Amino acid sequence: MTKFNHSFAKKDFISVNQFSYKDELDKIFTVADKMKKSILKKQIRNDLKKFCITQLFYQPSTRTFTSFLAASCHLGALTIPIHGMQAYSSAVKGESLPDTIRTVEQTTACDLIILRHPDDNSSQVAADYARVPVINAGSGTREHPTQAVLDLYTIKQYFKKLKNLNIVMLGDLKYGRTVKSLAKLLALYQPSVKISFVSPKQLVMPREEIEYLQSKKIKINETNELNQVLSQADVLYVTRIQKEWFEKEGKMNLYNSLRGAYNINLKTLSQAKKKMIVMHPLPRVGEIAYEVDNDSRAAYFNQMRNGLYIRMALLRLILRKG
Ligand code: ASP
C-alpha cells in the first residue's frame with residue numbers, strides 16, 4: 001500500500017493507513033472548502049472534463065454512492081455508476097474480482113474505479129489488478145477511508161482545531177468499519193484526542209484495532225455504559241448494529257437481542273454538553289430519535305453533505321495534479 005507522502009496524484013486510496021501527516025488531510029480539506037464554495041455558488045466546474053469514472057458497488061449504499069456520483073458529475077467527468085454488482089454482474093457466475101476489475105477497465109475505458117465490496121481486502125486486490133487508481137468506498141468490516149476523511153472534516157468544521165477533543169464512539173464497534181477508519185485517522189492527532197469506545201459487550205472493538213491504536217499512543221477508554229462518558233463528550237459518534245454481518249454468520253438471535261440496545265433522544269442529550277455534536281455515518285435504524293434532528297447538536301446532515309465536498313476534493317486530487 002503506497003503512502004501518500006503529501007501527494008495523491010494517480011494513487012489508490014485503499015486505507016487510512018496511507019496517511020502519515022496531518023497536513024495531508026489539511027490539503028484535502030482546503031480543496032474541499034473550494035468545492036463547497038463552488039457548489040454553494042452553483043458554479044459549473046470542468047476540472048475532470050475529459051475523465052471517465054466508474055463506480056462498482058457490491059453492497060447497498062445511499063450516501064457514498066450518490067455523493068461519489070454527484071462529485072464526479074459536479075467536476076464534469078463522464079460517470080458510470082453501477083449498483084447491484086453482487087446480483088447482476090458475472091460475479092454471480094463465479095467471475096473473480098481481478099477479472100471483473102480488468103473487464104470493467106476495458107469496457108468502460110475509465111480513468112478511475114470506485115469500489116464498494118464486502119471483502120476486507122477487495123480494494124487492495126482491485127488495485128493490484130487495475131491500471132487506473134482505485135478508491136475504496138467501503139470494504140468489509142474494517143475500512144471506509146473516504147468516510148473517515150469526511151468525518152474528520154466535519155469535526156474540524158465544528159471545533160476549528162482538532163485539539164483536546166473527547167470523542168465517544170457508540171454502537172457496533174465489532175462489525176462497523178467507519179469507527180475503525182476514523183479512530184485510526186484520529187491517531188494522527190494524538191495526544192490531543194481521546195477516544196471512548198462504548199458498545200454492548202458482544203460488539204466491542206476488536207483487540208487488534210485496540211492494540212494498533214495503543215501502539216500509536218492514542219488515549220482509549222472502553223465501557224458498556226454511555227452515561228459514564230457522555231457528559232464529557234465533544235463528539236458522540238453513533239453507529240447502527242450491522243445486521244448484514246449477523247445474517248452472514250447465522251447469528252440473528254444475537255442481533256435480535258441487541259437491536260434497540262441504545263437510543264439517543266433529547267432526554268439522553270440532556271446529560272451532554274451544550275456545545276457538542278452528534279454524528280452518525282447513517283443509515284440509522286432507531287439509534288437516534290427523529291426529535292434530535294432539530295437540536296443544534298445534530299451534525300449528521302452536515303456530515304453527509306461534507307461527503308460531497310470531500311469526495312470532489314479526492315477525485316480532483318487523485319486525477320489532476322494532487
Ligand atoms: N454507511 C456506512 C458503511 O457503509 C455505515 C453503515 O452502513 O452503518 O459502513
# chains A, B, ... in the order shown; residues from 1 in each chain; ligands from 1
call {"tool": "residues_near_ligand", "arguments": {"ligand": "ligand 1", "cutoff": "10 Å", "atoms": "only C-alpha atoms and all ligand atoms", "output": "PyMOL selection string"}}
result
chain A and resi 59-65+116-118+137-145+147+171-172+175-179+238-244+280-285
call {"tool": "write_last_selection", "arguments": {"atoms": "C-alpha atoms", "output": "PDB file, in the first residue's frame"}}
result
ATOM      1  CA  GLN A  59     -23.116  -3.641  -1.265  1.00  0.00           C
ATOM      2  CA  PRO A  60     -26.046  -1.317  -0.619  1.00  0.00           C
ATOM      3  CA  SER A  61     -25.278   2.373  -0.296  1.00  0.00           C
ATOM      4  CA  THR A  62     -27.149   5.651  -0.336  1.00  0.00           C
ATOM      5  CA  ARG A  63     -24.741   8.406   0.748  1.00  0.00           C
ATOM      6  CA  THR A  64     -21.453   7.063  -0.544  1.00  0.00           C
ATOM      7  CA  PHE A  65     -22.960   6.066  -3.893  1.00  0.00           C
ATOM      8  CA  ARG A 116     -17.558  -0.930  -2.528  1.00  0.00           C
ATOM      9  CA  HIS A 117     -17.278  -4.608  -1.662  1.00  0.00           C
ATOM     10  CA  PRO A 118     -17.936  -6.933   1.311  1.00  0.00           C
ATOM     11  CA  ALA A 137     -15.786   3.232  -0.948  1.00  0.00           C
ATOM     12  CA  GLY A 138     -16.152   0.813   1.971  1.00  0.00           C
ATOM     13  CA  SER A 139     -14.699  -2.692   2.261  1.00  0.00           C
ATOM     14  CA  GLY A 140     -15.630  -5.465   4.649  1.00  0.00           C
ATOM     15  CA  THR A 141     -15.820  -4.629   8.338  1.00  0.00           C
ATOM     16  CA  ARG A 142     -12.575  -2.672   8.619  1.00  0.00           C
ATOM     17  CA  GLU A 143     -12.152   0.197   6.221  1.00  0.00           C
ATOM     18  CA  HIS A 144     -14.185   3.113   4.945  1.00  0.00           C
ATOM     19  CA  PRO A 145     -11.435   5.634   4.355  1.00  0.00           C
ATOM     20  CA  GLN A 147     -15.963   8.325   5.247  1.00  0.00           C
ATOM     21  CA  GLY A 171     -22.573   1.049  18.851  1.00  0.00           C
ATOM     22  CA  ASP A 172     -21.425  -1.885  16.788  1.00  0.00           C
ATOM     23  CA  TYR A 175     -18.532  -5.043  12.570  1.00  0.00           C
ATOM     24  CA  GLY A 176     -18.729  -1.285  11.913  1.00  0.00           C
ATOM     25  CA  ARG A 177     -15.995  -0.070   9.578  1.00  0.00           C
ATOM     26  CA  THR A 178     -16.432   3.687   9.871  1.00  0.00           C
ATOM     27  CA  VAL A 179     -15.400   3.777  13.540  1.00  0.00           C
ATOM     28  CA  VAL A 238     -23.282   6.795  16.820  1.00  0.00           C
ATOM     29  CA  THR A 239     -23.404   3.689  14.619  1.00  0.00           C
ATOM     30  CA  ARG A 240     -26.065   1.116  13.831  1.00  0.00           C
ATOM     31  CA  ILE A 241     -25.842  -2.557  14.673  1.00  0.00           C
ATOM     32  CA  GLN A 242     -24.714  -4.099  11.384  1.00  0.00           C
ATOM     33  CA  LYS A 243     -27.472  -6.615  10.726  1.00  0.00           C
ATOM     34  CA  GLU A 244     -25.951  -7.973   7.499  1.00  0.00           C
ATOM     35  CA  HIS A 280     -23.695   9.168  12.500  1.00  0.00           C
ATOM     36  CA  PRO A 281     -22.414   7.741   9.197  1.00  0.00           C
ATOM     37  CA  LEU A 282     -26.009   6.582   8.581  1.00  0.00           C
ATOM     38  CA  PRO A 283     -28.222   4.757   7.815  1.00  0.00           C
ATOM     39  CA  ARG A 284     -29.847   4.935  11.242  1.00  0.00           C
ATOM     40  CA  VAL A 285     -32.231   2.201  12.257  1.00  0.00           C
TER      41      VAL A 285
END
call {"tool": "closest_atom_pairs", "arguments": {"of": "segment 97-211 of chain A", "to": "segment 69-75 of chain A", "cutoff": "12 Å", "atoms": "only C-alpha atoms", "output": "CSV"}}
result
residue,atom,partner,partner_atom,distance
A:Asp111,CA,A:Ser72,CA,11.8
A:Leu112,CA,A:Ser72,CA,10.6
A:Ile113,CA,A:Ser72,CA,11.5
A:Ile114,CA,A:Leu69,CA,9.8
A:Ala137,CA,A:Leu69,CA,11.7
call {"tool": "write_last_selection", "arguments": {"atoms": "C-alpha atoms", "output": "mmCIF file, in the first residue's frame"}}
result
data_model
loop_
_atom_site.group_PDB
_atom_site.id
_atom_site.type_symbol
_atom_site.label_atom_id
_atom_site.label_comp_id
_atom_site.auth_asym_id
_atom_site.auth_seq_id
_atom_site.Cartn_x
_atom_site.Cartn_y
_atom_site.Cartn_z
ATOM 1 C CA ASP A 111 -9.577 6.608 -15.551
ATOM 2 C CA LEU A 112 -10.558 5.666 -12.007
ATOM 3 C CA ILE A 113 -12.575 2.961 -10.252
ATOM 4 C CA ILE A 114 -14.587 3.471 -7.081
ATOM 5 C CA ALA A 137 -15.786 3.232 -0.948
#
call {"tool": "select_by_dssp", "arguments": {"residues": "segment 66-252 of chain A", "states": "alpha helix (DSSP H)", "output": "PyMOL selection string"}}
result
chain A and resi 66-74+85-88+97-108+122-129+145-159+178-186+207-215+243-248+252
call {"tool": "residues_around", "arguments": {"residues": "His83 of chain A", "least_positions_apart": "6", "cutoff": "7 Å", "atoms": "only C-alpha atoms", "output": "compact mmCIF listing (two decimals) with all heavy atoms, in the first residue's frame"}}
result
# COMPACT_ATOMS: atom_id res chain seq x y z
N LEU A 56 -18.30 0.82 -8.93
CA LEU A 56 -18.79 -0.56 -8.82
C LEU A 56 -19.19 -0.83 -7.38
O LEU A 56 -18.32 -0.85 -6.50
CB LEU A 56 -17.67 -1.54 -9.22
CG LEU A 56 -17.05 -1.36 -10.60
CD1 LEU A 56 -15.91 -2.35 -10.79
CD2 LEU A 56 -18.11 -1.53 -11.69
N PHE A 57 -20.46 -1.01 -7.14
CA PHE A 57 -20.93 -1.23 -5.76
C PHE A 57 -21.52 -2.63 -5.62
O PHE A 57 -22.50 -2.98 -6.30
CB PHE A 57 -21.95 -0.16 -5.37
CG PHE A 57 -21.29 1.11 -4.85
CD1 PHE A 57 -20.31 1.76 -5.58
CD2 PHE A 57 -21.65 1.64 -3.61
CE1 PHE A 57 -19.68 2.91 -5.10
CE2 PHE A 57 -21.03 2.79 -3.12
CZ PHE A 57 -20.05 3.42 -3.86
N TYR A 58 -20.91 -3.41 -4.74
CA TYR A 58 -21.36 -4.77 -4.45
C TYR A 58 -22.17 -4.84 -3.16
O TYR A 58 -22.56 -5.93 -2.74
CB TYR A 58 -20.15 -5.70 -4.28
CG TYR A 58 -19.41 -6.05 -5.55
CD1 TYR A 58 -18.54 -5.15 -6.14
CD2 TYR A 58 -19.56 -7.30 -6.14
CE1 TYR A 58 -17.82 -5.49 -7.28
CE2 TYR A 58 -18.84 -7.65 -7.28
CZ TYR A 58 -17.99 -6.73 -7.84
OH TYR A 58 -17.28 -7.06 -8.97
call {"tool": "residues_around", "arguments": {"residues": "segment 26-43 of chain A", "least_positions_apart": "5", "cutoff": "6 Å", "atoms": "only C-alpha atoms", "output": "mmCIF file with N, CA and C atoms, in the first residue's frame"}}
result
data_model
loop_
_atom_site.group_PDB
_atom_site.id
_atom_site.type_symbol
_atom_site.label_atom_id
_atom_site.label_comp_id
_atom_site.auth_asym_id
_atom_site.auth_seq_id
_atom_site.Cartn_x
_atom_site.Cartn_y
_atom_site.Cartn_z
ATOM 1 N N TYR A 309 -18.338 17.255 -0.727
ATOM 2 C CA TYR A 309 -17.166 18.135 -0.897
ATOM 3 C C TYR A 309 -15.860 17.347 -0.804
ATOM 4 N N ILE A 310 -15.807 16.439 0.172
ATOM 5 C CA ILE A 310 -14.568 15.661 0.360
ATOM 6 C C ILE A 310 -14.344 14.740 -0.843
ATOM 7 N N ALA A 313 -13.074 16.686 -3.696
ATOM 8 C CA ALA A 313 -11.659 17.026 -3.469
ATOM 9 C C ALA A 313 -10.767 15.824 -3.774
#
call {"tool": "residues_around", "arguments": {"residues": "Ile210 of chain A", "least_positions_apart": "6", "cutoff": "12 Å", "atoms": "only C-alpha atoms", "output": "PDB file with C-alpha atoms, in the first residue's frame"}}
result
ATOM      1  CA  LEU A 173     -17.674  -1.474  17.028  1.00  0.00           C
ATOM      2  CA  LYS A 174     -17.090  -5.093  16.088  1.00  0.00           C
ATOM      3  CA  VAL A 179     -15.400   3.777  13.540  1.00  0.00           C
ATOM      4  CA  LYS A 180     -12.228   1.798  12.831  1.00  0.00           C
ATOM      5  CA  ALA A 183     -10.163   6.045  15.063  1.00  0.00           C
ATOM      6  CA  LYS A 184      -7.019   5.295  13.037  1.00  0.00           C
ATOM      7  CA  ALA A 187      -4.371   8.615  15.893  1.00  0.00           C
ATOM      8  CA  ILE A 195     -11.480   8.135  22.295  1.00  0.00           C
ATOM      9  CA  SER A 196     -14.047   6.283  24.385  1.00  0.00           C
ATOM     10  CA  PHE A 197     -15.482   3.151  22.821  1.00  0.00           C
ATOM     11  CA  VAL A 204     -16.573  -4.402  21.374  1.00  0.00           C
ATOM     12  CA  LYS A 216       0.072   4.895  18.239  1.00  0.00           C
ATOM     13  CA  LYS A 217      -0.240   6.098  21.840  1.00  0.00           C
ATOM     14  CA  ILE A 218      -3.819   7.297  21.466  1.00  0.00           C
ATOM     15  CA  LYS A 219      -5.741   7.565  24.740  1.00  0.00           C
ATOM     16  CA  ILE A 220      -8.512   4.938  24.786  1.00  0.00           C
ATOM     17  CA  ASN A 221     -11.239   4.073  27.201  1.00  0.00           C
ATOM     18  CA  GLU A 222     -13.697   1.172  26.804  1.00  0.00           C
TER      19      GLU A 222
END
call {"tool": "closest_atom_pairs", "arguments": {"of": "segment 145-242 of chain A", "to": "segment 260-270 of chain A", "cutoff": "12 Å", "atoms": "only C-alpha atoms", "output": "tab-separated table"}}
result
residue	atom	partner	partner_atom	distance
A:Leu170	CA	A:Tyr262	CA	8.8
A:Gly171	CA	A:Tyr262	CA	7.8
A:Asp172	CA	A:Ala261	CA	10.3
A:Val198	CA	A:Tyr262	CA	10.4
A:Ser199	CA	A:Tyr262	CA	9.1
A:Pro200	CA	A:Ala261	CA	7.6
A:Lys201	CA	A:Ala261	CA	11.2
A:Gln202	CA	A:Ala261	CA	11.5
A:Leu203	CA	A:Ala261	CA	11.2
A:Asn224	CA	A:Tyr262	CA	10.6
A:Glu225	CA	A:Tyr262	CA	9.9
A:Leu226	CA	A:Tyr262	CA	8.8
A:Asn227	CA	A:Thr268	CA	8.6
A:Leu230	CA	A:Leu269	CA	8.3
A:Ser231	CA	A:Leu269	CA	8.8
A:Gln232	CA	A:Leu269	CA	11.7
A:Ala233	CA	A:Leu269	CA	10.6
A:Asp234	CA	A:Leu269	CA	11.9
A:Val235	CA	A:Leu269	CA	11.8
A:Leu236	CA	A:Ile264	CA	9.9
A:Tyr237	CA	A:Ile264	CA	10.9
A:Val238	CA	A:Ile264	CA	8.6
A:Thr239	CA	A:Tyr262	CA	10.1
A:Arg240	CA	A:Gly260	CA	9.4
A:Ile241	CA	A:Gly260	CA	8.8
